[in-house]
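A.B. asks: Input structure: target17.cif, which contains mmCIF, C-alpha atoms and all ligand atoms.
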data_data
#
loop_
_atom_site.label_atom_id
_atom_site.label_comp_id
_atom_site.auth_asym_id
_atom_site.auth_seq_id
_atom_site.Cartn_x
_atom_site.Cartn_y
_atom_site.Cartn_z
CA MET A 12 -4.51 -14.90 10.62
CA GLU A 13 -7.90 -15.14 8.88
CA THR A 14 -8.64 -12.73 6.06
CA PHE A 15 -11.04 -12.67 3.14
CA TRP A 16 -8.30 -14.21 0.95
CA THR A 17 -7.19 -17.00 3.29
CA ASN A 18 -10.31 -19.07 2.54
CA THR A 19 -9.07 -19.63 -1.00
CA ALA A 20 -5.29 -19.80 -0.63
CA LYS A 21 -2.83 -21.54 1.63
CA LEU A 22 0.45 -19.91 2.52
CA PRO A 23 3.51 -21.97 3.49
CA SER A 24 4.93 -21.40 6.96
CA PHE A 25 8.55 -20.77 7.89
CA PRO A 26 10.71 -21.18 11.02
CA SER A 27 11.81 -18.35 13.27
CA MET A 28 15.50 -17.43 13.29
CA THR A 29 17.49 -19.35 15.90
CA HIS A 30 21.07 -18.71 14.75
CA ASP A 31 23.13 -15.88 13.24
CA VAL A 32 23.09 -15.64 9.45
CA ARG A 33 24.88 -13.76 6.64
CA ALA A 34 23.49 -12.61 3.31
CA ASP A 35 24.07 -10.10 0.53
CA VAL A 36 20.69 -8.50 1.26
CA LEU A 37 18.36 -8.56 4.26
CA VAL A 38 14.72 -7.74 3.49
CA ILE A 39 12.74 -6.75 6.59
CA GLY A 40 9.03 -7.44 6.04
CA GLY A 41 7.30 -10.48 4.57
CA GLY A 42 4.49 -8.74 2.73
CA LEU A 43 4.19 -8.37 -1.01
CA THR A 44 6.86 -5.65 -1.26
CA GLY A 45 9.41 -7.63 0.74
CA LEU A 46 8.82 -10.87 -1.13
CA LEU A 47 8.82 -9.23 -4.57
CA CYS A 48 12.14 -7.56 -3.69
CA ALA A 49 13.56 -10.88 -2.50
CA TYR A 50 12.24 -12.69 -5.59
CA HIS A 51 13.87 -10.24 -8.02
CA LEU A 52 17.12 -9.94 -6.08
CA LYS A 53 17.48 -13.72 -5.94
CA ARG A 54 16.84 -13.97 -9.68
CA ALA A 55 19.59 -11.36 -10.13
CA GLY A 56 22.00 -13.72 -8.36
CA LEU A 57 22.08 -12.21 -4.85
CA ASP A 58 21.88 -14.13 -1.61
CA VAL A 59 18.77 -12.82 0.21
CA VAL A 60 17.20 -13.35 3.64
CA VAL A 61 13.68 -12.19 4.57
CA THR A 62 12.53 -11.60 8.15
CA GLU A 63 8.90 -11.16 9.15
CA ALA A 64 7.76 -10.15 12.64
CA ASP A 65 4.52 -12.17 12.33
CA THR A 66 3.70 -14.47 9.39
CA ILE A 67 4.07 -13.64 5.71
CA GLY A 68 1.09 -11.75 4.29
CA SER A 69 -0.32 -11.03 7.75
CA GLY A 70 -0.16 -7.25 7.29
CA VAL A 71 -1.70 -5.12 4.57
CA THR A 72 -1.07 -7.71 1.83
CA GLY A 73 -3.78 -9.92 3.32
CA ARG A 74 -6.26 -7.06 3.19
CA THR A 75 -5.67 -5.59 -0.25
CA THR A 76 -8.23 -5.66 -3.04
CA ALA A 77 -5.32 -6.47 -5.36
CA LYS A 78 -5.82 -4.14 -8.29
CA ILE A 79 -2.73 -3.69 -10.47
CA THR A 80 -2.81 -0.53 -12.54
CA THR A 81 -0.74 2.32 -13.90
CA GLN A 82 -3.57 4.72 -12.98
CA HIS A 83 -3.40 5.70 -9.30
CA GLY A 84 -6.48 7.84 -8.97
CA ALA A 85 -6.24 11.01 -11.05
CA CYS A 86 -2.51 11.20 -10.29
CA TYR A 87 -0.82 12.30 -13.49
CA HIS A 88 -2.09 15.85 -13.79
CA THR A 89 -1.20 16.42 -10.11
CA ILE A 90 2.33 15.11 -10.61
CA ALA A 91 2.72 17.17 -13.80
CA ALA A 92 1.55 20.31 -11.98
CA ARG A 93 4.00 19.71 -9.12
CA TYR A 94 7.07 18.41 -10.89
CA GLY A 95 6.53 18.84 -14.65
CA MET A 96 5.40 16.65 -17.50
CA GLY A 97 8.74 14.78 -17.65
CA THR A 98 8.27 13.47 -14.12
CA ALA A 99 4.68 12.46 -14.86
CA ARG A 100 5.95 10.52 -17.88
CA GLN A 101 8.62 8.78 -15.79
CA TYR A 102 6.05 7.86 -13.14
CA TYR A 103 3.95 6.34 -15.90
CA ASP A 104 6.98 4.47 -17.33
CA ALA A 105 7.70 2.98 -13.88
CA ASN A 106 4.14 1.79 -13.40
CA ARG A 107 3.93 0.46 -16.96
CA GLU A 108 7.09 -1.59 -16.33
CA ALA A 109 5.65 -2.87 -13.05
CA LEU A 110 2.40 -3.92 -14.74
CA GLU A 111 4.35 -5.73 -17.47
CA ALA A 112 6.52 -7.44 -14.85
CA TYR A 113 3.36 -8.98 -13.33
CA HIS A 114 2.27 -10.25 -16.73
CA ASP A 115 5.78 -11.72 -17.21
CA ILE A 116 5.47 -13.92 -14.10
CA ALA A 117 1.74 -14.65 -14.41
CA GLY A 118 0.96 -18.29 -13.82
CA GLU A 119 -0.42 -19.72 -10.66
CA PHE A 120 -1.89 -16.71 -8.92
CA ASP A 121 -5.10 -16.01 -10.84
CA LEU A 122 -3.84 -12.96 -12.72
CA LYS A 123 -6.70 -11.63 -14.81
CA SER A 124 -6.14 -8.96 -17.41
CA CYS A 125 -8.94 -6.41 -17.47
CA ASP A 126 -9.59 -2.75 -18.17
CA GLY A 127 -9.45 -0.15 -15.42
CA PHE A 128 -11.90 2.74 -15.25
CA LEU A 129 -11.30 6.05 -13.49
CA PHE A 130 -14.64 7.72 -12.89
CA SER A 131 -16.08 10.75 -11.18
CA ARG A 132 -19.66 11.15 -10.01
CA ILE A 133 -19.41 14.95 -9.99
CA HIS A 134 -16.22 16.45 -11.47
CA ARG A 135 -15.90 15.74 -15.18
CA GLU A 136 -13.31 18.52 -15.46
CA VAL A 137 -10.86 16.52 -13.29
CA LEU A 138 -11.12 13.68 -15.78
CA GLU A 139 -10.65 16.07 -18.70
CA THR A 140 -7.43 17.44 -17.18
CA GLU A 141 -6.22 13.92 -16.42
CA TYR A 142 -7.10 12.74 -19.94
CA ASN A 143 -5.11 15.60 -21.51
CA THR A 144 -2.09 14.83 -19.31
CA LEU A 145 -2.25 11.12 -20.13
CA ARG A 146 -2.38 11.86 -23.86
CA THR A 147 0.56 14.25 -23.55
CA ILE A 148 2.76 11.67 -21.82
CA GLY A 149 1.82 8.98 -24.34
CA ALA A 150 -0.34 6.81 -22.08
CA HIS A 151 -3.09 4.66 -23.55
CA VAL A 152 -6.45 6.10 -22.43
CA GLU A 153 -9.93 6.54 -23.89
CA TRP A 154 -13.17 8.09 -22.79
CA ALA A 155 -15.48 5.27 -21.69
CA GLU A 156 -18.80 5.24 -23.52
CA ASP A 157 -20.42 2.76 -21.13
CA VAL A 158 -19.66 1.84 -17.55
CA GLU A 159 -20.92 -1.13 -15.51
CA LEU A 160 -21.90 1.03 -12.54
CA PRO A 161 -25.44 1.28 -11.18
CA PHE A 162 -25.17 4.98 -10.32
CA PRO A 163 -24.79 7.98 -12.65
CA VAL A 164 -21.28 9.29 -13.36
CA ALA A 165 -20.07 12.62 -14.77
CA GLY A 166 -17.57 10.72 -16.90
CA ALA A 167 -15.09 7.84 -16.93
CA LEU A 168 -11.72 7.10 -18.54
CA ARG A 169 -10.87 3.59 -19.74
CA ILE A 170 -7.31 2.40 -19.12
CA PRO A 171 -6.88 -0.83 -21.08
CA HIS A 172 -5.02 -4.04 -20.10
CA GLN A 173 -4.63 -3.61 -16.36
CA ALA A 174 -4.80 -6.62 -14.02
CA GLN A 175 -6.20 -8.10 -10.84
CA VAL A 176 -4.85 -11.05 -8.85
CA HIS A 177 -5.36 -13.23 -5.79
CA PRO A 178 -2.74 -11.62 -3.50
CA LEU A 179 -2.05 -14.63 -1.28
CA LYS A 180 -1.69 -17.05 -4.20
CA LEU A 181 0.80 -14.55 -5.61
CA LEU A 182 2.63 -14.45 -2.28
CA ALA A 183 2.78 -18.26 -2.13
CA PHE A 184 4.22 -18.34 -5.65
CA LEU A 185 6.94 -15.82 -4.71
CA THR A 186 8.15 -17.79 -1.67
CA ALA A 187 9.53 -20.71 -3.70
CA GLY A 188 13.26 -21.02 -3.02
CA LEU A 189 13.44 -17.98 -0.71
CA THR A 190 15.03 -18.01 2.75
CA ILE A 191 12.33 -16.64 5.08
CA TYR A 192 12.16 -16.38 8.86
CA GLU A 193 8.73 -15.78 10.39
CA HIS A 194 8.05 -14.62 13.98
CA THR A 195 11.39 -12.82 13.78
CA ARG A 196 11.08 -9.17 14.73
CA VAL A 197 14.00 -6.84 14.05
CA ARG A 198 14.93 -4.66 17.01
CA GLU A 199 18.03 -2.78 15.93
CA ILE A 200 20.20 -2.05 12.92
CA ARG A 201 23.83 -0.99 13.40
CA GLY A 202 25.82 -0.72 10.21
CA SER A 203 25.61 -4.04 8.44
CA ILE A 204 24.47 -5.94 11.56
CA THR A 205 20.78 -6.33 12.34
CA THR A 206 19.68 -7.75 15.68
CA THR A 207 16.37 -9.52 16.25
CA ASP A 208 14.21 -9.72 19.35
CA ASN A 209 15.79 -12.99 20.49
CA GLY A 210 19.36 -11.70 20.04
CA THR A 211 20.22 -13.46 16.78
CA THR A 212 21.92 -11.32 14.12
CA ILE A 213 21.88 -10.96 10.35
CA THR A 214 24.98 -9.53 8.72
CA ALA A 215 24.14 -8.10 5.30
CA LYS A 216 25.76 -5.66 2.88
CA SER A 217 22.40 -4.09 2.07
CA ILE A 218 19.16 -3.88 4.04
CA ILE A 219 15.68 -3.13 2.68
CA VAL A 220 12.99 -1.94 5.09
CA ALA A 221 9.69 -3.14 3.64
CA THR A 222 7.53 -2.89 6.76
CA HIS A 223 4.70 -0.79 5.31
CA PHE A 224 5.47 2.18 7.64
CA PRO A 225 9.27 2.41 8.23
CA PHE A 226 9.99 1.57 11.85
CA LEU A 227 13.31 3.44 12.32
CA ASN A 228 12.39 6.86 13.68
CA ARG A 229 15.85 8.39 13.87
CA HIS A 230 16.45 8.64 10.13
CA GLY A 231 14.57 9.95 7.14
CA ALA A 232 11.79 11.81 9.06
CA TYR A 233 9.13 9.38 7.84
CA PHE A 234 7.01 10.28 10.87
CA LEU A 235 6.60 13.70 9.18
CA LYS A 236 6.47 12.51 5.59
CA LEU A 237 3.76 9.86 6.04
CA TYR A 238 0.34 9.42 7.53
CA GLN A 239 -2.01 6.42 7.28
CA HIS A 240 -5.43 6.15 5.73
CA ARG A 241 -8.10 3.53 6.45
CA SER A 242 -10.58 2.21 3.88
CA TYR A 243 -13.49 -0.19 4.35
CA VAL A 244 -14.26 -3.14 2.10
CA ALA A 245 -17.66 -4.80 1.69
CA VAL A 246 -17.84 -8.26 0.11
CA VAL A 247 -21.10 -8.27 -1.83
CA ASP A 248 -23.04 -11.33 -3.02
CA GLN A 249 -25.74 -11.40 -5.70
CA ALA A 250 -24.72 -8.13 -7.35
CA PRO A 251 -24.62 -7.94 -11.16
CA PRO A 252 -21.10 -9.07 -12.20
CA ILE A 253 -18.68 -6.63 -13.84
CA GLU A 254 -15.70 -7.12 -16.16
CA GLY A 255 -13.69 -3.98 -15.40
CA MET A 256 -12.14 -2.50 -12.24
CA TYR A 257 -13.48 0.89 -11.19
CA TRP A 258 -12.12 3.59 -8.95
CA GLU A 259 -13.23 7.09 -8.22
CA ALA A 260 -11.02 10.13 -8.78
CA SER A 261 -10.86 11.03 -5.09
CA ASN A 262 -9.11 9.57 -2.02
CA SER A 263 -12.36 9.07 -0.18
CA GLY A 264 -14.34 7.73 -3.16
CA PHE A 265 -15.39 4.18 -4.03
CA THR A 266 -13.51 1.40 -5.80
CA ILE A 267 -15.21 -1.70 -7.16
CA ARG A 268 -13.85 -4.97 -8.58
CA GLN A 269 -15.18 -8.45 -9.25
CA CYS A 270 -13.73 -11.36 -7.28
CA GLY A 271 -15.23 -14.71 -8.25
CA ASP A 272 -19.00 -14.39 -7.78
CA GLN A 273 -18.67 -11.41 -5.48
CA LEU A 274 -18.00 -7.70 -5.72
CA LEU A 275 -15.42 -6.02 -3.51
CA ILE A 276 -16.58 -2.47 -2.85
CA VAL A 277 -14.24 -0.12 -1.02
CA GLY A 278 -15.27 3.22 0.50
CA GLY A 279 -15.63 5.30 3.64
CA GLY A 280 -11.91 6.15 3.75
CA HIS A 281 -10.42 8.55 6.31
CA ARG A 282 -7.16 9.35 8.07
CA THR A 283 -6.48 6.62 10.64
CA GLY A 284 -7.50 7.81 14.09
CA LYS A 285 -9.94 10.41 12.74
CA PRO A 286 -13.70 9.97 12.41
CA GLY A 287 -15.16 8.75 9.12
CA LEU A 288 -18.13 6.94 7.64
CA GLY A 289 -16.31 3.59 7.57
CA TRP A 290 -18.46 0.64 6.49
CA LYS A 291 -21.58 2.81 6.59
CA ALA A 292 -20.50 4.34 3.26
CA THR A 293 -20.39 1.00 1.45
CA GLU A 294 -23.54 -0.23 3.24
CA GLN A 295 -25.45 2.83 2.04
CA LEU A 296 -24.16 2.39 -1.51
CA VAL A 297 -25.16 -1.28 -1.61
CA ARG A 298 -28.58 -0.64 -0.11
CA HIS A 299 -29.30 2.15 -2.56
CA TYR A 300 -27.82 0.89 -5.82
CA TYR A 301 -27.61 -2.91 -5.54
CA PRO A 302 -31.15 -4.00 -4.58
CA GLY A 303 -31.24 -7.73 -3.80
CA ALA A 304 -27.51 -7.87 -3.11
CA GLU A 305 -26.17 -8.82 0.30
CA ILE A 306 -22.99 -7.90 2.19
CA THR A 307 -21.56 -11.23 3.38
CA ALA A 308 -18.23 -10.11 4.80
CA ARG A 309 -16.24 -6.98 5.44
CA PHE A 310 -12.70 -6.00 6.22
CA ALA A 311 -10.60 -2.84 6.35
CA THR A 312 -7.33 -1.85 4.74
CA GLN A 313 -4.62 0.58 5.77
CA ASP A 314 -2.48 2.65 3.39
CA CYS A 315 0.60 4.81 3.93
CA MET A 316 0.20 8.19 2.27
CA SER A 317 3.20 10.28 1.18
CA LEU A 318 3.24 14.07 1.09
CA ASP A 319 2.96 14.32 -2.69
CA GLY A 320 1.20 11.08 -3.64
CA ILE A 321 4.39 9.43 -4.94
CA PRO A 322 5.93 6.52 -2.99
CA TYR A 323 9.28 6.79 -1.23
CA ILE A 324 11.55 4.12 -2.72
CA GLY A 325 15.34 4.27 -2.49
CA ARG A 326 17.93 5.22 0.16
CA TYR A 327 16.33 5.33 3.61
CA ALA A 328 18.43 8.41 4.44
CA LYS A 329 21.37 10.01 2.66
CA HIS A 330 23.97 9.17 5.30
CA ILE A 331 23.15 5.43 5.54
CA PRO A 332 24.14 4.11 2.12
CA GLN A 333 23.42 0.44 2.87
CA LEU A 334 19.82 1.01 4.04
CA TYR A 335 16.86 1.20 1.62
CA VAL A 336 13.14 1.77 2.04
CA ALA A 337 9.89 1.24 0.13
CA THR A 338 6.80 2.93 1.52
CA GLY A 339 4.06 5.51 0.92
CA PHE A 340 2.19 3.54 -1.73
CA GLY A 341 -1.15 5.27 -1.15
CA GLY A 342 -3.93 2.86 -2.09
CA TRP A 343 -1.83 1.39 -4.92
CA GLY A 344 0.35 -1.11 -3.11
CA MET A 345 0.19 -3.89 -5.69
CA THR A 346 1.75 -1.88 -8.52
CA SER A 347 4.04 0.11 -6.24
CA ALA A 348 5.39 -3.06 -4.60
CA MET A 349 6.55 -4.27 -8.01
CA THR A 350 7.94 -0.81 -8.83
CA ALA A 351 9.90 -0.99 -5.56
CA ALA A 352 11.25 -4.45 -6.38
CA LEU A 353 12.39 -3.38 -9.86
CA LEU A 354 13.88 -0.11 -8.60
CA LEU A 355 15.75 -1.56 -5.62
CA THR A 356 17.02 -4.57 -7.56
CA GLY A 357 18.33 -2.16 -10.20
CA GLU A 358 20.11 -0.12 -7.52
CA LEU A 359 21.67 -3.15 -5.83
CA ILE A 360 23.00 -4.75 -9.01
CA GLY A 361 24.37 -1.46 -10.36
CA LYS A 362 21.75 -1.02 -13.10
CA PRO A 363 19.57 1.83 -11.81
CA LYS A 364 16.23 2.44 -13.47
CA PRO A 365 16.03 5.71 -15.45
CA TRP A 366 12.83 6.59 -13.56
CA ALA A 367 14.27 5.90 -10.07
CA PRO A 368 14.81 9.62 -9.15
CA VAL A 369 11.03 10.20 -9.23
CA PHE A 370 10.73 8.04 -6.08
CA ALA A 371 13.78 9.41 -4.20
CA PRO A 372 12.85 9.56 -0.50
CA ASP A 373 14.94 12.71 0.02
CA ARG A 374 12.96 14.83 -2.46
CA THR A 375 11.35 18.04 -1.27
CA ILE A 376 8.99 17.85 1.69
CA TRP A 377 7.46 21.29 1.13
CA HIS A 378 3.89 20.34 0.40
CA ARG A 379 0.62 21.38 2.02
CA GLN A 380 0.24 17.91 3.53
CA LEU A 381 3.36 18.48 5.65
CA ALA A 382 1.58 21.28 7.55
CA VAL A 383 -1.45 18.98 8.01
CA ASN A 384 0.75 16.17 9.38
CA VAL A 385 2.67 18.48 11.72
CA GLY A 386 -0.55 20.12 12.95
CA GLU A 387 -2.24 16.77 13.59
CA THR A 388 0.78 15.42 15.47
CA PHE A 389 1.14 18.54 17.61
CA LYS A 390 -2.57 18.60 18.48
CA THR A 391 -2.64 14.89 19.37
CA MET A 392 0.62 15.04 21.34
CA ILE A 393 -0.72 17.73 23.67
CA THR A 394 -4.11 16.01 24.10
CA PRO A 395 -3.90 14.81 27.72
CA THR A 396 -6.04 11.65 27.41
CA VAL A 397 -4.91 8.04 27.82
CA PRO A 398 -4.03 5.55 26.50
CA ARG A 399 -0.89 6.84 24.76
CA CYS A 400 0.72 5.44 21.66
CA PRO A 401 4.06 3.69 22.31
CA HIS A 402 5.45 5.00 19.00
CA LEU A 403 5.95 8.70 19.82
CA GLY A 404 3.44 9.22 22.62
CA CYS A 405 0.33 10.64 20.90
CA ALA A 406 -3.12 10.24 22.47
CA LEU A 407 -4.96 7.23 21.00
CA LYS A 408 -8.56 7.48 19.77
CA TRP A 409 -11.20 4.79 20.21
CA ASN A 410 -12.46 3.37 16.90
CA ALA A 411 -15.91 1.98 17.75
CA ALA A 412 -16.51 0.41 14.33
CA GLU A 413 -13.39 -1.78 14.57
CA ARG A 414 -13.09 -1.86 18.38
CA SER A 415 -9.50 -0.65 18.31
CA TRP A 416 -7.31 2.14 19.63
CA ASP A 417 -6.03 4.15 16.64
CA CYS A 418 -3.34 6.83 16.50
CA PRO A 419 -4.07 9.92 14.38
CA CYS A 420 -0.38 10.90 14.29
CA HIS A 421 1.10 8.10 12.17
CA GLY A 422 -1.58 5.43 12.14
CA SER A 423 -0.50 2.77 14.66
CA ARG A 424 -3.45 0.64 15.83
CA PHE A 425 -4.06 -1.57 18.86
CA SER A 426 -6.71 -4.05 19.96
CA GLU A 427 -9.12 -3.24 22.78
CA SER A 428 -6.71 -4.91 25.21
CA GLY A 429 -3.73 -2.96 23.84
CA LYS A 430 -2.10 -5.52 21.51
CA LEU A 431 -0.31 -4.05 18.49
CA ARG A 432 -2.20 -4.41 15.21
CA ASN A 433 -0.49 -1.92 12.88
CA GLY A 434 2.84 -0.05 13.09
CA PRO A 435 4.90 2.08 13.06
CA ALA A 436 4.72 1.25 16.80
CA THR A 437 6.64 -1.95 17.45
CA GLY A 438 5.05 -2.98 20.73
CA ASP A 439 1.79 -3.07 22.70
CA ILE A 440 0.25 -0.20 24.69
CA LYS A 441 2.08 0.08 28.00
CA LYS A 442 -0.11 -0.66 31.00
CA GLY A 443 -0.33 1.70 33.99
FE1 LIG A 501 3.31 7.68 15.91
FE2 LIG A 501 1.25 6.94 17.37
S1 LIG A 501 1.84 6.18 15.45
S2 LIG A 501 2.72 8.43 17.84
#
Starting from the file, lay out its structure as structure tokens.
C.D. replies:
Amino acid sequence: METFWTNTAKLPSFPSMTHDVRADVLVIGGGLTGLLCAYHLKRAGLDVVVTEADTIGSGVTGRTTAKITTQHGACYHTIAARYGMGTARQYYDANREALEAYHDIAGEFDLKSCDGFLFSRIHREVLETEYNTLRTIGAHVEWAEDVELPFPVAGALRIPHQAQVHPLKLLAFLTAGLTIYEHTRVREIRGSITTTDNGTTITAKSIIVATHFPFLNRHGAYFLKLYQHRSYVAVVDQAPPIEGMYWEASNSGFTIRQCGDQLLIVGGGHRTGKPGLGWKATEQLVRHYYPGAEITARFATQDCMSLDGIPYIGRYAKHIPQLYVATGFGGWGMTSAMTAALLLTGELIGKPKPWAPVFAPDRTIWHRQLAVNVGETFKTMITPTVPRCPHLGCALKWNAAERSWDCPCHGSRFSESGKLRNGPATGDIKKG
């Protein structure tokens, strides 16, 4: 798989599974979350096996812009309003620990410490509310006097000592000493026995589903609790270089970071399967504010969005004690992947993190977004057009910008010829 990052990093390859195996923990999914979980569990003394349906890093990890930060948009005042200041503080503690854990293992994967900036082009009051919440929970934040952006902003907050990395170099670093099987798709989990596509089995006391969107439909109601969001990245040459990482205080806003001599500018986000500006948003921004710069490459990313903006990390469902999940990271997969690894390792070695309850997958689902998800699924299910999504049967929408069939219900995507690109579907579009 070719991505923007593969030009500058080489990932090792691994065999597919050809015989039955046993382990303390099976991790399903060879992206950053799965490998960070495996890395920490192995260091804690557990015997771990990782399975990956394709090749490691071939999913969203290969398409991230790799910003590591405690500041996930203007998240803290929203969390405080929903769940109280104590929960906002615990969410901050979790992300702070995750950020520090990256610094602890920094070495061969181009980790660069830098400041993060949360800005708004229009709504200074959102930043003021966020600033007050951050000060109340004891987070380090300042108003930014200057920003390295070419367009006017209503204000910006500076979050010091965040980080950015090369995600595939990080992935390569994590694989050392791990037992990984590529091209090994899991088909079924029954108790402690997991069966793969070719009939081989893994017997494990605990199982972690780290497949971006959880693929087991029968438990946990993730098809109601999650939707997917697409964002569009422009790789920009000959733009003035910047030191900090910048992101706008809105889901559909822009984020900007330096990567070598180039800028990565993300924008045009929308629910997968719904119309949006896509790359046009970043193209317009570059044309208008970066005269002389040139877009030399582009790619798109896909994020799983939870109902309340907090990831689901913990027991997959109450009645399946051996099964765990990590999903719903929003656009903040780098930090949340480490949070998941620390949380789940703590659970499995009997040393739970004090902030773990914030991420409990069985917390309340009564949020406005639930009605949006249910409404979208109902509307798309009764739409009579073809092709249909093999996940739960919704009508697929043609995405002309990326030449793909996309599902508005839960975000599965397929190539023009019907080949699976993104789950939760686990197979191609059925012909006929
Ligand atoms: Fe669920 Fe298409 S992704 S029905």
A.B. asks: Kindly provide the residues of chain A that approach ligand LIG 501 (chain A) to within 8 Å, each paired with its closest atom pair and their distance in Å to one decimal, based on all atoms listed in the file, listed by chain and increasing number, as a Markdown table.
C.D. replies:
| residue | atom | partner | partner_atom | distance |
| --- | --- | --- | --- | --- |
| A:Phe234 | CA | A:LIG501 | FE1 | 6.8 |
| A:Thr388 | CA | A:LIG501 | S2 | 7.6 |
| A:Met392 | CA | A:LIG501 | S2 | 7.8 |
| A:Arg399 | CA | A:LIG501 | FE2 | 7.7 |
| A:Cys400 | CA | A:LIG501 | FE2 | 4.6 |
| A:Pro401 | CA | A:LIG501 | FE2 | 6.5 |
| A:His402 | CA | A:LIG501 | S2 | 4.5 |
| A:Leu403 | CA | A:LIG501 | S2 | 3.8 |
| A:Gly404 | CA | A:LIG501 | S2 | 4.9 |
| A:Cys405 | CA | A:LIG501 | S2 | 4.5 |
| A:Ala406 | CA | A:LIG501 | FE2 | 7.5 |
| A:Leu407 | CA | A:LIG501 | FE2 | 7.2 |
| A:Asp417 | CA | A:LIG501 | FE2 | 7.8 |
| A:Cys418 | CA | A:LIG501 | FE2 | 4.7 |
| A:Pro419 | CA | A:LIG501 | FE2 | 6.8 |
| A:Cys420 | CA | A:LIG501 | FE1 | 5.2 |
| A:His421 | CA | A:LIG501 | S1 | 3.9 |
| A:Gly422 | CA | A:LIG501 | S1 | 4.8 |
| A:Ser423 | CA | A:LIG501 | S1 | 4.2 |
| A:Arg424 | CA | A:LIG501 | S1 | 7.7 |
| A:Gly434 | CA | A:LIG501 | S1 | 6.7 |
| A:Pro435 | CA | A:LIG501 | S1 | 5.6 |
| A:Ala436 | CA | A:LIG501 | S1 | 5.9 |
A.B. asks: Could you tell me how far atom CA of Val385 of chain A lies from atom CA of Leu235 of chain A, in Å and to one decimal?
C.D. replies: 6.7 Å
A.B. asks: Determine the axis-aligned bounding box of all atoms of segment 372-384 of chain A present in the file, pad each side by 4 Å, and express its centre and edge lengths in Å to one decimal place as lines of an AutoDock Vina configuration file.
C.D. replies:
center_x = 6.7
center_y = 15.5
center_z = 3.5
size_x = 24.4
size_y = 19.8
size_z = 19.8
A.B. asks: Do you have the atom CA of Gly357 of chain A-atom CA of Ser24 of chain A distance handy?
C.D. replies: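 Distance between the two atoms: 29.1 Å.
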A.B. asks: At a cut-off of 9 Å, using all atoms listed in the file, what residues contact segment 329-335 of chain A? Leave out same-chain residues fewer than 6 positions from it and give the result as a PyMOL selection string.
C.D. replies: chain A and resi 202-203+215-221+230-231+355+373
A.B. asks: Let me make sure I understand: among A:Thr190, A:Thr98, A:Thr307, A:Thr62, which one has the smallest atom-to-atom distance to Phe15 of chain A if we use all atoms listed in the file?
C.D. replies: A:Thr307
A.B. asks: Looking at all atoms listed in the file, which of A:Ala311, A:Phe25, A:Val277, A:Val246 is the one that sits closest to Ala292 of chain A?
C.D. replies: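 Among A:Ala311, A:Phe25, A:Val277, A:Val246, it is A:Val277 that comes nearest to Ala292 of chain A.
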A.B. asks: What is the distance between atom CA of Lys21 of chain A and atom CA of Asp272 of chain A, in Å to one decimal?
C.D. replies: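 Result for atom CA of Lys21 of chain A versus atom CA of Asp272 of chain A: 20.0 Å, one decimal.
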A.B. asks: Compare A:Gly97, A:Thr396, A:His299, A:Ile204 by their minimum atom-to-atom distance to Thr147 of chain A, counting all atoms listed in the file, and give me the closest one.
C.D. replies: A:Gly97
A.B. asks: If we count all atoms listed in the file and set the cut-off at 10 Å, which residues sit around segment 186-188 of chain A, ignoring sequence neighbours fewer than 5 positions away in its own chain? Please answer as a PyMOL selection string.
C.D. replies: chain A and resi 22-24+41+46-47+49-50+53+67+181
A.B. asks: With only C-alpha atoms as the basis for distance, which of A:Met96, A:Gly84, A:Tyr102, A:Ala150 is at the shortest distance from Ser263 of chain A?
C.D. replies: A:Gly84
A.B. asks: Mind listing as a ChimeraX atom specification all residues within 12 Å of (-26.8, 6.2, -5.6), counting only C-alpha atoms?
C.D. replies: /A:132,160-164,265,292-302
A.B. asks: Name all residues at most 10 Å from segment 192-195 of chain A (count all atoms listed in the file; drop same-chain ones fewer than 6 positions away) and give them as a list in words.
C.D. replies: Ser24, Phe25, Pro26, Ser27, Met28, Thr29, Ile39, Gly40, Gly41, Val60, Val61, Thr62, Glu63, Ala64, Asp65, Thr66, Ile67, Thr206, Thr207, Asp208, Asn209 and Thr211 of chain A
A.B. asks: Those residues you just picked out, can you put them in a file as a PDB file, in the frame of the given file with C-alpha atoms?
C.D. replies:
ATOM      1  CA  SER A  24       4.930 -21.400   6.960  1.00  0.00           C
ATOM      2  CA  PHE A  25       8.550 -20.770   7.890  1.00  0.00           C
ATOM      3  CA  PRO A  26      10.710 -21.180  11.020  1.00  0.00           C
ATOM      4  CA  SER A  27      11.810 -18.350  13.270  1.00  0.00           C
ATOM      5  CA  MET A  28      15.500 -17.430  13.290  1.00  0.00           C
ATOM      6  CA  THR A  29      17.490 -19.350  15.900  1.00  0.00           C
ATOM      7  CA  ILE A  39      12.740  -6.750   6.590  1.00  0.00           C
ATOM      8  CA  GLY A  40       9.030  -7.440   6.040  1.00  0.00           C
ATOM      9  CA  GLY A  41       7.300 -10.480   4.570  1.00  0.00           C
ATOM     10  CA  VAL A  60      17.200 -13.350   3.640  1.00  0.00           C
ATOM     11  CA  VAL A  61      13.680 -12.190   4.570  1.00  0.00           C
ATOM     12  CA  THR A  62      12.530 -11.600   8.150  1.00  0.00           C
ATOM     13  CA  GLU A  63       8.900 -11.160   9.150  1.00  0.00           C
ATOM     14  CA  ALA A  64       7.760 -10.150  12.640  1.00  0.00           C
ATOM     15  CA  ASP A  65       4.520 -12.170  12.330  1.00  0.00           C
ATOM     16  CA  THR A  66       3.700 -14.470   9.390  1.00  0.00           C
ATOM     17  CA  ILE A  67       4.070 -13.640   5.710  1.00  0.00           C
ATOM     18  CA  THR A 206      19.680  -7.750  15.680  1.00  0.00           C
ATOM     19  CA  THR A 207      16.370  -9.520  16.250  1.00  0.00           C
ATOM     20  CA  ASP A 208      14.210  -9.720  19.350  1.00  0.00           C
ATOM     21  CA  ASN A 209      15.790 -12.990  20.490  1.00  0.00           C
ATOM     22  CA  THR A 211      20.220 -13.460  16.780  1.00  0.00           C
TER      23      THR A 211
END
